[in-house]
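As stored in input_33.cif (mmCIF, C-alpha atoms):
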```cif
data_data
loop_
_atom_site.group_PDB
_atom_site.id
_atom_site.type_symbol
_atom_site.label_atom_id
_atom_site.label_comp_id
_atom_site.auth_asym_id
_atom_site.auth_seq_id
_atom_site.Cartn_x
_atom_site.Cartn_y
_atom_site.Cartn_z
ATOM 1 C CA GLY A 1 100.112 99.526 109.752
ATOM 2 C CA GLY A 2 103.406 100.351 111.461
ATOM 3 C CA GLY A 3 102.415 103.457 113.415
ATOM 4 C CA THR A 4 101.773 103.919 117.114
ATOM 5 C CA GLN A 5 98.100 102.947 116.947
ATOM 6 C CA ALA A 6 98.816 99.740 115.038
ATOM 7 C CA ILE A 7 101.529 98.623 117.466
ATOM 8 C CA GLU A 8 99.404 99.504 120.509
ATOM 9 C CA LEU A 9 96.491 97.444 119.197
ATOM 10 C CA ALA A 10 98.799 94.542 118.328
ATOM 11 C CA SER A 11 100.188 94.626 121.878
ATOM 12 C CA ILE A 12 96.679 94.649 123.374
ATOM 13 C CA TYR A 13 95.398 91.749 121.287
ATOM 14 C CA THR A 14 98.470 89.587 121.914
ATOM 15 C CA ALA A 15 98.175 90.275 125.652
ATOM 16 C CA LEU A 16 94.568 89.026 125.452
ATOM 17 C CA GLY A 17 95.766 85.798 123.861
ATOM 18 C CA ALA A 18 94.893 86.470 120.224
ATOM 19 C CA GLU A 19 97.063 85.350 117.333
ATOM 20 C CA VAL A 20 98.124 88.565 115.606
ATOM 21 C CA HIS A 21 99.474 89.187 112.108
ATOM 22 C CA LEU A 22 101.088 92.594 111.600
ATOM 23 C CA VAL A 23 101.438 93.763 107.998
ATOM 24 C CA LEU A 24 104.156 96.406 107.550
ATOM 25 C CA PRO A 25 104.122 97.930 104.044
ATOM 26 C CA THR A 26 107.328 99.899 104.720
ATOM 27 C CA GLY A 27 109.110 96.971 106.356
ATOM 28 C CA SER A 28 109.542 98.721 109.693
ATOM 29 C CA VAL A 29 107.673 100.402 112.544
ATOM 30 C CA LEU A 30 107.551 103.945 113.937
ATOM 31 C CA GLU A 31 109.767 105.402 111.236
ATOM 32 C CA GLN A 32 110.038 108.751 113.014
ATOM 33 C CA PHE A 33 112.356 107.094 115.561
ATOM 34 C CA GLY A 34 115.965 106.056 115.262
ATOM 35 C CA ASP A 35 117.270 102.628 114.344
ATOM 36 C CA GLY A 36 117.942 101.642 117.951
ATOM 37 C CA VAL A 37 114.361 102.127 119.117
ATOM 38 C CA ARG A 38 112.793 100.695 115.960
ATOM 39 C CA ASN A 39 114.932 97.559 115.936
ATOM 40 C CA PHE A 40 114.391 97.002 119.660
ATOM 41 C CA LEU A 41 110.627 97.277 119.220
ATOM 42 C CA LEU A 42 110.540 95.154 116.083
ATOM 43 C CA ASP A 43 112.426 92.351 117.844
ATOM 44 C CA ALA A 44 109.896 92.502 120.696
ATOM 45 C CA ILE A 45 106.960 92.428 118.271
ATOM 46 C CA ARG A 46 108.338 89.400 116.452
ATOM 47 C CA ARG A 47 108.316 87.505 119.758
ATOM 48 C CA GLN A 48 104.599 88.236 120.133
ATOM 49 C CA ALA A 49 103.120 88.309 116.629
ATOM 50 C CA THR A 50 103.712 87.204 113.046
ATOM 51 C CA VAL A 51 105.254 90.104 111.137
ATOM 52 C CA HIS A 52 104.811 90.454 107.372
ATOM 53 C CA ALA A 53 107.419 93.041 106.380
ATOM 54 C CA SER A 54 107.669 95.011 103.129
ATOM 55 C CA VAL A 55 104.364 93.707 101.776
ATOM 56 C CA GLU A 56 100.953 95.246 101.191
ATOM 57 C CA VAL A 57 97.408 93.910 101.334
ATOM 58 C CA VAL A 58 96.283 93.542 97.730
ATOM 59 C CA SER A 59 92.721 92.416 98.440
ATOM 60 C CA ALA A 60 90.484 91.425 101.342
ATOM 61 C CA THR A 61 87.620 88.950 100.976
ATOM 62 C CA ASP A 62 84.972 88.247 103.629
ATOM 63 C CA ASP A 63 83.336 84.823 103.250
ATOM 64 C CA GLY A 64 80.872 85.529 106.060
ATOM 65 C CA ASP A 65 82.991 83.720 108.623
ATOM 66 C CA ARG A 66 86.592 84.820 108.151
ATOM 67 C CA TRP A 67 88.655 87.334 106.209
ATOM 68 C CA HIS A 68 91.108 86.224 103.534
ATOM 69 C CA LEU A 69 93.855 88.781 102.864
ATOM 70 C CA ALA A 70 95.950 88.458 99.720
ATOM 71 C CA LEU A 71 99.411 89.992 100.139
ATOM 72 C CA SER A 72 101.718 91.426 97.510
ATOM 73 C CA ASN A 73 104.209 88.559 98.028
ATOM 74 C CA ASP A 74 101.558 86.081 96.749
ATOM 75 C CA SER A 75 100.813 84.738 100.245
ATOM 76 C CA THR A 76 97.415 84.733 101.985
ATOM 77 C CA ILE A 77 96.418 85.366 105.583
ATOM 78 C CA THR A 78 93.121 84.059 106.957
ATOM 79 C CA VAL A 79 91.882 85.841 110.080
ATOM 80 C CA ASN A 80 88.721 86.511 112.067
ATOM 81 C CA ASP A 81 89.030 90.297 112.160
ATOM 82 C CA VAL A 82 90.973 93.019 110.370
ATOM 83 C CA VAL A 83 92.138 96.292 111.906
ATOM 84 C CA LEU A 84 93.213 99.061 109.533
ATOM 85 C CA ALA A 85 95.400 101.412 111.573
ATOM 86 C CA GLY A 86 95.914 104.320 109.222
ATOM 87 C CA PRO A 87 96.688 107.980 109.866
ATOM 88 C CA ARG A 88 94.474 109.910 112.237
ATOM 89 C CA ALA A 89 92.010 112.494 110.962
ATOM 90 C CA PRO A 90 90.264 115.249 112.945
ATOM 91 C CA ALA A 91 86.580 114.798 113.833
ATOM 92 C CA ILE A 92 85.400 118.274 112.847
ATOM 93 C CA ASP A 93 82.416 117.585 110.597
ATOM 94 C CA THR A 94 79.854 118.669 113.228
ATOM 95 C CA LEU A 95 81.663 121.874 114.281
ATOM 96 C CA GLU A 96 80.075 123.983 111.505
ATOM 97 C CA LEU A 97 83.387 125.637 110.750
ATOM 98 C CA ASN A 98 81.882 126.983 107.539
ATOM 99 C CA ARG A 99 80.191 129.589 109.723
ATOM 100 C CA THR A 100 83.572 130.823 110.976
ATOM 101 C CA ALA A 101 86.796 132.182 109.549
ATOM 102 C CA VAL A 102 88.726 129.120 110.748
ATOM 103 C CA ARG A 103 91.115 127.691 108.157
ATOM 104 C CA LEU A 104 92.300 124.108 107.835
ATOM 105 C CA ASN A 105 95.842 123.164 106.875
ATOM 106 C CA ALA A 106 96.742 120.882 103.969
ATOM 107 C CA ASP A 107 96.149 117.751 106.086
ATOM 108 C CA GLY A 108 92.714 118.832 107.279
ATOM 109 C CA TRP A 109 93.603 119.966 110.817
ATOM 110 C CA ILE A 110 92.505 123.300 112.277
ATOM 111 C CA GLU A 111 95.265 125.828 111.701
ATOM 112 C CA THR A 112 96.587 127.529 114.859
ATOM 113 C CA ASP A 113 99.592 129.548 115.925
ATOM 114 C CA ASP A 114 101.726 128.702 118.979
ATOM 115 C CA ALA A 115 99.295 130.592 121.216
ATOM 116 C CA MET A 116 96.500 128.250 119.996
ATOM 117 C CA ARG A 117 94.728 131.086 118.121
ATOM 118 C CA THR A 118 92.903 130.030 114.964
ATOM 119 C CA THR A 119 92.533 132.214 111.890
ATOM 120 C CA ASP A 120 89.201 133.376 113.353
ATOM 121 C CA PRO A 121 90.049 136.010 115.996
ATOM 122 C CA ARG A 122 87.087 134.857 118.107
ATOM 123 C CA LEU A 123 88.200 131.248 118.396
ATOM 124 C CA LEU A 124 91.046 129.190 119.822
ATOM 125 C CA ALA A 125 91.497 125.465 119.307
ATOM 126 C CA ILE A 126 93.276 122.717 121.246
ATOM 127 C CA GLY A 127 93.472 118.941 121.343
ATOM 128 C CA ASP A 128 92.932 116.354 118.661
ATOM 129 C CA VAL A 129 91.516 118.828 116.110
ATOM 130 C CA VAL A 130 94.800 120.763 115.729
ATOM 131 C CA GLY A 131 97.059 117.802 114.870
ATOM 132 C CA ARG A 132 99.915 118.634 117.234
ATOM 133 C CA GLY A 133 100.113 115.327 119.035
ATOM 134 C CA ALA A 134 96.712 113.755 119.727
ATOM 135 C CA LEU A 135 97.307 112.961 123.405
ATOM 136 C CA ALA A 136 95.651 114.116 126.619
ATOM 137 C CA SER A 137 98.963 115.401 128.002
ATOM 138 C CA THR A 138 99.456 117.609 124.938
ATOM 139 C CA ALA A 139 95.856 118.848 125.076
ATOM 140 C CA ARG A 140 96.288 119.855 128.726
ATOM 141 C CA MET A 141 99.319 121.968 127.863
ATOM 142 C CA GLN A 142 97.487 123.521 124.916
ATOM 143 C CA GLY A 143 94.493 124.262 127.150
ATOM 144 C CA ARG A 144 96.701 126.077 129.646
ATOM 145 C CA VAL A 145 98.307 128.110 126.861
ATOM 146 C CA ALA A 146 94.893 128.930 125.372
ATOM 147 C CA ALA A 147 93.619 130.140 128.761
ATOM 148 C CA GLU A 148 96.711 132.300 129.224
ATOM 149 C CA THR A 149 96.257 133.717 125.730
ATOM 150 C CA VAL A 150 92.659 134.674 126.506
ATOM 151 C CA ALA A 151 93.913 136.335 129.701
ATOM 152 C CA GLY A 152 96.299 138.445 127.630
ATOM 153 C CA TRP A 153 99.502 136.647 128.595
ATOM 154 C CA ASN A 154 102.337 136.125 126.142
ATOM 155 C CA SER A 155 102.131 132.318 126.137
ATOM 156 C CA ALA A 156 103.130 129.695 123.578
ATOM 157 C CA CYS A 157 102.907 125.930 123.208
ATOM 158 C CA ASP A 158 105.672 123.663 121.940
ATOM 159 C CA ALA A 159 104.015 120.242 121.847
ATOM 160 C CA HIS A 160 107.376 118.561 121.267
ATOM 161 C CA LEU A 161 108.328 119.302 124.875
ATOM 162 C CA VAL A 162 105.404 117.324 126.314
ATOM 163 C CA PRO A 163 106.484 113.762 127.222
ATOM 164 C CA ARG A 164 104.471 111.176 125.310
ATOM 165 C CA VAL A 165 103.901 107.501 125.968
ATOM 166 C CA ALA A 166 102.848 104.702 123.618
ATOM 167 C CA TRP A 167 101.491 101.808 125.660
ATOM 168 C CA LEU A 168 103.220 99.089 123.733
ATOM 169 C CA ASP A 169 104.810 95.914 125.030
ATOM 170 C CA PRO A 170 107.391 97.111 125.982
ATOM 171 C CA PRO A 171 106.187 100.719 126.483
ATOM 172 C CA LEU A 172 107.800 103.578 124.583
ATOM 173 C CA ALA A 173 108.158 107.166 125.826
ATOM 174 C CA TRP A 174 109.675 110.217 124.139
ATOM 175 C CA CYS A 175 109.919 113.985 124.192
ATOM 176 C CA GLY A 176 111.673 116.808 122.360
ATOM 177 C CA HIS A 177 112.387 117.404 118.697
ATOM 178 C CA ARG A 178 113.319 114.661 116.245
ATOM 179 C CA PRO A 179 114.872 116.475 113.264
ATOM 180 C CA HIS A 180 116.473 114.443 110.485
ATOM 181 C CA ALA A 181 119.432 116.511 109.320
ATOM 182 C CA PRO A 182 123.173 115.969 108.745
ATOM 183 C CA GLU A 183 124.084 118.173 111.717
ATOM 184 C CA VAL A 184 122.009 116.051 114.111
ATOM 185 C CA ALA A 185 123.503 112.988 115.803
ATOM 186 C CA THR A 186 121.989 110.167 117.857
ATOM 187 C CA ARG A 187 123.377 107.945 120.554
ATOM 188 C CA THR A 188 121.839 104.783 121.965
ATOM 189 C CA LEU A 189 122.422 103.876 125.608
ATOM 190 C CA ALA A 190 121.638 100.511 127.190
ATOM 191 C CA TRP A 191 119.778 100.660 130.494
ATOM 192 C CA ARG A 192 122.118 98.143 132.083
ATOM 193 C CA ASP A 193 124.700 100.957 131.999
ATOM 194 C CA HIS A 194 122.203 103.555 133.277
ATOM 195 C CA GLY A 195 122.142 104.390 136.982
ATOM 196 C CA ALA A 196 119.288 106.814 136.404
ATOM 197 C CA ALA A 197 117.194 104.112 134.737
ATOM 198 C CA ALA A 198 117.645 101.785 137.697
ATOM 199 C CA GLY A 199 116.724 104.614 140.044
ATOM 200 C CA ALA A 200 113.489 105.199 138.115
ATOM 201 C CA GLY A 201 112.517 101.547 138.470
ATOM 202 C CA ALA A 202 113.288 100.609 134.867
ATOM 203 C CA THR A 203 114.374 97.101 133.941
ATOM 204 C CA PRO A 204 117.936 96.553 132.641
ATOM 205 C CA ASP A 205 116.901 95.345 129.174
ATOM 206 C CA GLY A 206 115.663 98.688 127.796
ATOM 207 C CA ILE A 207 117.431 101.390 125.803
ATOM 208 C CA THR A 208 117.465 105.173 125.580
ATOM 209 C CA GLU A 209 118.155 107.081 122.382
ATOM 210 C CA ILE A 210 119.204 110.723 122.624
ATOM 211 C CA ILE A 211 119.264 113.251 119.787
ATOM 212 C CA TYR A 212 121.662 116.162 119.886
ATOM 213 C CA GLU A 213 123.442 118.724 117.750
ATOM 214 C CA ALA A 214 126.670 117.097 116.594
ATOM 215 C CA ASP A 215 128.785 120.237 116.820
ATOM 216 C CA THR A 216 127.506 121.693 120.109
ATOM 217 C CA GLY A 217 126.186 118.677 122.006
ATOM 218 C CA LEU A 218 122.880 120.497 122.613
ATOM 219 C CA LEU A 219 120.212 117.959 123.596
ATOM 220 C CA LEU A 220 117.221 118.108 121.235
ATOM 221 C CA GLY A 221 115.146 115.107 122.237
ATOM 222 C CA ALA A 222 115.104 111.623 123.669
ATOM 223 C CA SER A 223 113.168 108.387 123.417
ATOM 224 C CA THR A 224 113.265 105.413 125.728
ATOM 225 C CA ILE A 225 111.786 101.930 125.400
ATOM 226 C CA GLY A 226 111.456 99.149 127.943
ATOM 227 C CA ALA A 227 109.505 98.322 131.091
ATOM 228 C CA GLY A 228 109.557 101.499 133.198
ATOM 229 C CA SER A 229 110.071 103.951 130.326
ATOM 230 C CA PRO A 230 106.941 106.036 131.202
ATOM 231 C CA GLN A 231 108.557 106.788 134.579
ATOM 232 C CA PHE A 232 112.069 107.181 133.203
ATOM 233 C CA ILE A 233 111.166 109.773 130.548
ATOM 234 C CA GLY A 234 110.612 112.321 133.307
ATOM 235 C CA GLN A 235 114.321 112.135 134.160
ATOM 236 C CA LEU A 236 115.275 113.044 130.610
#
```
Can I see the file as structure tokens?
Amino acid sequence: GGGTQAIELASIYTALGAEVHLVLPTGSVLEQFGDGVRNFLLDAIRRQATVHASVEVVSATDDGDRWHLALSNDSTITVNDVVLAGPRAPAIDTLELNRTAVRLNADGWIETDDAMRTTDPRLLAIGDVVGRGALASTARMQGRVAAETVAGWNSACDAHLVPRVAWLDPPLAWCGHRPHAPEVATRTLAWRDHGAAAGAGATPDGITEIIYEADTGLLLGASTIGAGSPQFIGQL
């Protein structure tokens, strides 16, 4: 896999001294990010693990001792363990939602509005079950909005505005919207040219990628990767 969970696990296992093979069916990682961040991260991964890009696992055979993975490029990987890091799914089977008027969206998440109200007027939902960024920081914001909604306040949650961190090596942090449209532009800035990055304790070898409206310059979002990025994202 090439998503956040796959890269986090690869970083953990390499840090523990394991030999890691990362199979990337799409040929890249974290495709929701811009080229600058993805290329920076991919270069870092290649220094830590063996990357198999633009191939898929055709079959997996367990001989009782090791796994033998046949890839679509006719090569074979032999490993002790296999981690399949696919898309997340909500753990809602035990919630007995069939006894409520709660609806699920097309991907299986509980459907809510921006005030965290479900389609059942008695119930609100927050956290991993709503599919709006499965992180504790996002859930805390949603919980605050849900409490304010119950209290009768006019409150709303935009999960894109909550800073998020992927504990990779190097770490990645981001916030804001990441639209892919012709009127949206990106710019990549090296930390060695960044006084703010140095002030936040970031190392000079990282980068920041900002997303903005090309015609107005309105800042829409930002992502930053490198040692110190979890601290630096707060300045963006």
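Here CA of Ala166 in chain A is placed at a distance of 18.0 Å from CA of Val83 in chain A.
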Inset, instruction - Return the single residue from A:Ala173, A:Ala125, A:Val82, A:Ile233 that is closest to Arg103 in chain A, with distances computed using all atoms listed in the file. - result: A:Ala125
Inset, instruction - List the residues selected by the PyMOL selection byres ((chain A and resi 114) around 6) in the file shown, writing them as a ChimeraX atom specification. - result: /A:113,115-116,156-157
Inset, instruction - Name the residues within 9 Å of (105.5, 119.1, 117.2), counting all atoms listed in the file in the file's coordinates, and put them as a list of chain:residue names. - result: A:Gly131, A:Arg132, A:Gly133, A:Asp158, A:Ala159, A:His160, A:Leu161, A:Gly176, A:His177
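Once the PyMOL selection byres ((chain A and resi 12) around 12) is applied to the depicted file, the selected set reads Gln5, Ala6, Ile7, Glu8, Leu9, Ala10, Ser11, Tyr13, Thr14, Ala15, Leu16, Gly17, Ala18, Glu19, Val20, Ile45, Gln48, Ala49, Ala166, Trp167, Leu168, Asp169, Pro170 and Pro171 of chain A.
Taken over the shown file, the PyMOL selection byres ((chain A and resi 77) around 10) identifies A:His21, A:His52, A:Val57, A:Ala60, A:Trp67, A:His68, A:Leu69, A:Ala70, A:Leu71, A:Ser75, A:Thr76, A:Thr78, A:Val79.
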Legend entry - Selected residue, from A:Gly2, A:Pro25, A:Gly64, A:Gly228, that lies nearest to Leu42 in chain A when counting all atoms listed in the file: A:Gly2
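The gap separating CA of Asp205 in chain A from CA of Thr186 in chain A is 19.3 Å, in Å to one decimal.
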